[in-house]
Amino acid sequence: MKLTVVAAALAFMVIGAPVIGEQFLKSHNPADSDFLTSIERVGPCKISTPPVAGIRVPYQLYPPWSVQFHEEGTVQMELVFDEDWCIRKASIVQSTGFWRLDEVSLKYMMTVKYQPKPGSIKMKDGSPTMVVKLGWGASQGKK
């Protein structure tokens with residue numbers, strides 16, 4: 001079962017199939033429904049891999065249309081963690097300005113466990129929270 005969940009998440013990332021379903025809630029920008037503003041896990045975390053020390057979206061997940069249209073930028077997200085370091089909720093704090101990049105960033109956060117450095121965590125509403133930045137294009141660094 002765990003392998004199926006991971007395979008489904010990887011299939012989403014590779015072919016763009018929606019990973020949003022019964023396990024996730026999503027919120028869109030009311031002014032532009034293309035922009036996903038947050039994604040939240042409503043069921044238990046099914047990620048079996050150990051937490052990673054750093055987050056970097058693999059360059060293979062760069063949306064092909066974003067590459068074609070030279071979309072790049074940095075997205076800033078607030079992450080809310082559960083007790084096992086699964087990301088329970090990811091919300092856009094500062095957009096790249098491109099809905100494809102923001103959406104892949106948010107959805108990717110639901111596929112990893114992340115254990116940040118202790119000094120970077122803040123408590124918000126009783127949950128460990130932090131803000132991260134992810135770069136796309138020139139902001140992503142050399143591949």
# chains A, B, ... in the order shown; residues from 1 in each chain; ligands from 1

call {"tool": "residues_around", "arguments": {"residues": "A:Pro118", "least_positions_apart": "3", "cutoff": "12 Å", "atoms": "only C-alpha atoms", "output": "PDB file with N, CA and C atoms, in the first residue's frame"}}
result
ATOM      1  N   ALA A  53      16.839  16.445   5.218  1.00  0.00           N
ATOM      2  CA  ALA A  53      17.380  17.617   5.911  1.00  0.00           C
ATOM      3  C   ALA A  53      17.223  18.894   5.099  1.00  0.00           C
ATOM      4  N   TYR A 114      10.127  16.382   5.977  1.00  0.00           N
ATOM      5  CA  TYR A 114      11.226  17.337   6.093  1.00  0.00           C
ATOM      6  C   TYR A 114      11.425  17.670   7.557  1.00  0.00           C
ATOM      7  N   GLN A 115      12.653  17.530   8.027  1.00  0.00           N
ATOM      8  CA  GLN A 115      12.957  17.888   9.407  1.00  0.00           C
ATOM      9  C   GLN A 115      13.890  19.091   9.399  1.00  0.00           C
ATOM     10  N   ILE A 121      12.237  26.575  13.319  1.00  0.00           N
ATOM     11  CA  ILE A 121      10.837  26.217  13.572  1.00  0.00           C
ATOM     12  C   ILE A 121      10.194  27.221  14.517  1.00  0.00           C
ATOM     13  N   LYS A 122       8.971  27.604  14.181  1.00  0.00           N
ATOM     14  CA  LYS A 122       8.168  28.442  15.075  1.00  0.00           C
ATOM     15  C   LYS A 122       6.880  27.695  15.357  1.00  0.00           C
ATOM     16  N   MET A 123       6.332  27.896  16.538  1.00  0.00           N
ATOM     17  CA  MET A 123       5.059  27.272  16.860  1.00  0.00           C
ATOM     18  C   MET A 123       3.935  28.226  16.454  1.00  0.00           C
ATOM     19  N   PRO A 128       4.342  22.861  14.771  1.00  0.00           N
ATOM     20  CA  PRO A 128       5.606  23.391  14.256  1.00  0.00           C
ATOM     21  C   PRO A 128       5.405  23.915  12.834  1.00  0.00           C
ATOM     22  N   THR A 129       5.911  25.111  12.596  1.00  0.00           N
ATOM     23  CA  THR A 129       5.718  25.805  11.323  1.00  0.00           C
ATOM     24  C   THR A 129       7.016  26.471  10.906  1.00  0.00           C
ATOM     25  N   MET A 130       7.218  26.605   9.611  1.00  0.00           N
ATOM     26  CA  MET A 130       8.361  27.374   9.103  1.00  0.00           C
ATOM     27  C   MET A 130       8.053  27.874   7.706  1.00  0.00           C
TER      28      MET A 130
END

call {"tool": "closest_atom_pairs", "arguments": {"of": "stretch 80-117 of chain A", "to": "stretch 60-70 of chain A", "cutoff": "9 Å", "atoms": "only C-alpha atoms", "output": "JSON lines"}}
result
{"residue": "A:Phe98", "atom": "CA", "partner": "A:Ser66", "partner_atom": "CA", "distance": 8.2}
{"residue": "A:Arg100", "atom": "CA", "partner": "A:Pro63", "partner_atom": "CA", "distance": 6.7}
{"residue": "A:Leu101", "atom": "CA", "partner": "A:Pro63", "partner_atom": "CA", "distance": 7.1}
{"residue": "A:Val104", "atom": "CA", "partner": "A:Leu61", "partner_atom": "CA", "distance": 7.6}
{"residue": "A:Tyr108", "atom": "CA", "partner": "A:Leu61", "partner_atom": "CA", "distance": 8.9}

call {"tool": "closest_residue", "arguments": {"among": "A:Val75, A:Val52, A:Val80, A:Leu106", "to": "A:Lys26", "atoms": "only C-alpha atoms"}}
result
A:Leu106

call {"tool": "residues_around", "arguments": {"residues": "A:Lys107", "least_positions_apart": "3", "cutoff": "8 Å", "atoms": "only C-alpha atoms", "output": "VMD selection string"}}
result
chain A and resid 19 39 103 to 104 110 to 111

call {"tool": "write_last_selection", "arguments": {"atoms": "C-alpha atoms", "output": "PDB file, in the first residue's frame"}}
result
ATOM      1  CA  VAL A  19      -2.563  13.960  -6.786  1.00  0.00           C
ATOM      2  CA  ILE A  39      -2.829  22.307  -0.035  1.00  0.00           C
ATOM      3  CA  GLU A 103       1.287  24.390  -7.968  1.00  0.00           C
ATOM      4  CA  VAL A 104       4.181  21.951  -8.487  1.00  0.00           C
ATOM      5  CA  MET A 110       2.972  16.728   0.088  1.00  0.00           C
ATOM      6  CA  THR A 111       5.346  13.998  -1.132  1.00  0.00           C
TER       7      THR A 111
END

call {"tool": "select_by_dssp", "arguments": {"residues": "stretch 30-75 of chain A", "states": "strand (DSSP E)", "output": "list in words"}}
result
Asp32, Ser33, Asp34, Phe35, Leu36, Thr37, Ser38, Ile39, Glu40, Arg41, Gly73, Thr74 and Val75 of chain A

call {"tool": "write_last_selection", "arguments": {"atoms": "C-alpha atoms", "output": "mmCIF file, in the first residue's frame"}}
result
data_model
loop_
_atom_site.group_PDB
_atom_site.id
_atom_site.type_symbol
_atom_site.label_atom_id
_atom_site.label_comp_id
_atom_site.auth_asym_id
_atom_site.auth_seq_id
_atom_site.Cartn_x
_atom_site.Cartn_y
_atom_site.Cartn_z
ATOM 1 C CA ASP A 32 -7.563 33.686 -10.534
ATOM 2 C CA SER A 33 -8.650 30.068 -10.157
ATOM 3 C CA ASP A 34 -5.483 28.804 -11.904
ATOM 4 C CA PHE A 35 -3.442 29.794 -8.833
ATOM 5 C CA LEU A 36 -3.381 27.141 -6.111
ATOM 6 C CA THR A 37 -2.723 28.954 -2.817
ATOM 7 C CA SER A 38 -2.578 26.060 -0.347
ATOM 8 C CA ILE A 39 -2.829 22.307 -0.035
ATOM 9 C CA GLU A 40 -3.654 20.459 3.176
ATOM 10 C CA ARG A 41 -3.439 16.796 4.139
ATOM 11 C CA GLY A 73 11.175 32.725 -9.912
ATOM 12 C CA THR A 74 11.196 31.961 -6.220
ATOM 13 C CA VAL A 75 8.180 30.756 -4.303
#

call {"tool": "closest_residue", "arguments": {"among": "A:Ser48, A:Glu71, A:Val131, A:Gly54", "to": "A:Ser91", "atoms": "only C-alpha atoms"}}
result
A:Val131

call {"tool": "select_by_dssp", "arguments": {"residues": "stretch 24-114 of chain A", "states": "alpha helix (DSSP H)", "output": "PyMOL selection string"}}
result
chain A and resi 64-68+99-109

call {"tool": "write_last_selection", "arguments": {"atoms": "N, CA and C atoms", "output": "compact mmCIF listing (two decimals), in the first residue's frame"}}
result
# COMPACT_ATOMS: atom_id res chain seq x y z
N PRO A 64 6.92 21.37 -18.20
CA PRO A 64 7.39 21.62 -19.58
C PRO A 64 6.91 22.96 -20.16
N TRP A 65 5.67 23.36 -19.89
CA TRP A 65 5.18 24.64 -20.40
C TRP A 65 5.93 25.79 -19.75
N SER A 66 6.30 25.62 -18.50
CA SER A 66 7.06 26.68 -17.81
C SER A 66 8.44 26.83 -18.43
N VAL A 67 9.04 25.71 -18.82
CA VAL A 67 10.34 25.76 -19.50
C VAL A 67 10.17 26.48 -20.84
N GLN A 68 9.15 26.07 -21.60
CA GLN A 68 8.92 26.64 -22.92
C GLN A 68 8.69 28.16 -22.85
N TRP A 99 1.46 30.23 -12.07
CA TRP A 99 0.65 29.24 -11.37
C TRP A 99 1.22 27.83 -11.48
N ARG A 100 1.84 27.48 -12.60
CA ARG A 100 2.39 26.13 -12.75
C ARG A 100 3.49 25.86 -11.72
N LEU A 101 4.39 26.83 -11.56
CA LEU A 101 5.50 26.65 -10.62
C LEU A 101 5.01 26.60 -9.18
N ASP A 102 4.05 27.46 -8.84
CA ASP A 102 3.49 27.46 -7.49
C ASP A 102 2.80 26.13 -7.20
N GLU A 103 2.03 25.63 -8.17
CA GLU A 103 1.29 24.39 -7.97
C GLU A 103 2.21 23.19 -7.79
N VAL A 104 3.24 23.06 -8.63
CA VAL A 104 4.18 21.95 -8.49
C VAL A 104 4.89 22.04 -7.14
N SER A 105 5.24 23.25 -6.73
CA SER A 105 5.91 23.44 -5.43
C SER A 105 5.04 22.95 -4.29
N LEU A 106 3.77 23.37 -4.29
CA LEU A 106 2.86 22.95 -3.22
C LEU A 106 2.64 21.44 -3.23
N LYS A 107 2.38 20.89 -4.39
CA LYS A 107 2.10 19.45 -4.48
C LYS A 107 3.34 18.62 -4.10
N TYR A 108 4.52 19.10 -4.48
CA TYR A 108 5.74 18.39 -4.12
C TYR A 108 5.90 18.31 -2.60
N MET A 109 5.53 19.37 -1.91
CA MET A 109 5.65 19.38 -0.45
C MET A 109 4.84 18.26 0.20

call {"tool": "closest_residue", "arguments": {"among": "A:Gln23, A:Ser127, A:Thr96, A:Ser120", "to": "A:Asp84", "atoms": "only C-alpha atoms"}}
result
A:Ser127

call {"tool": "atom_distance", "arguments": {"atom1": "atom CA of A:Phe24", "atom2": "atom CA of A:Cys45"}}
result
10.5 Å

call {"tool": "atom_distance", "arguments": {"atom1": "atom CA of A:Met77", "atom2": "atom CA of A:Gln94"}}
result
6.9 Å

call {"tool": "closest_residue", "arguments": {"among": "A:Asp125, A:Lys133, A:Val112, A:Gly119", "to": "A:Pro50", "atoms": "only C-alpha atoms"}}
result
A:Val112
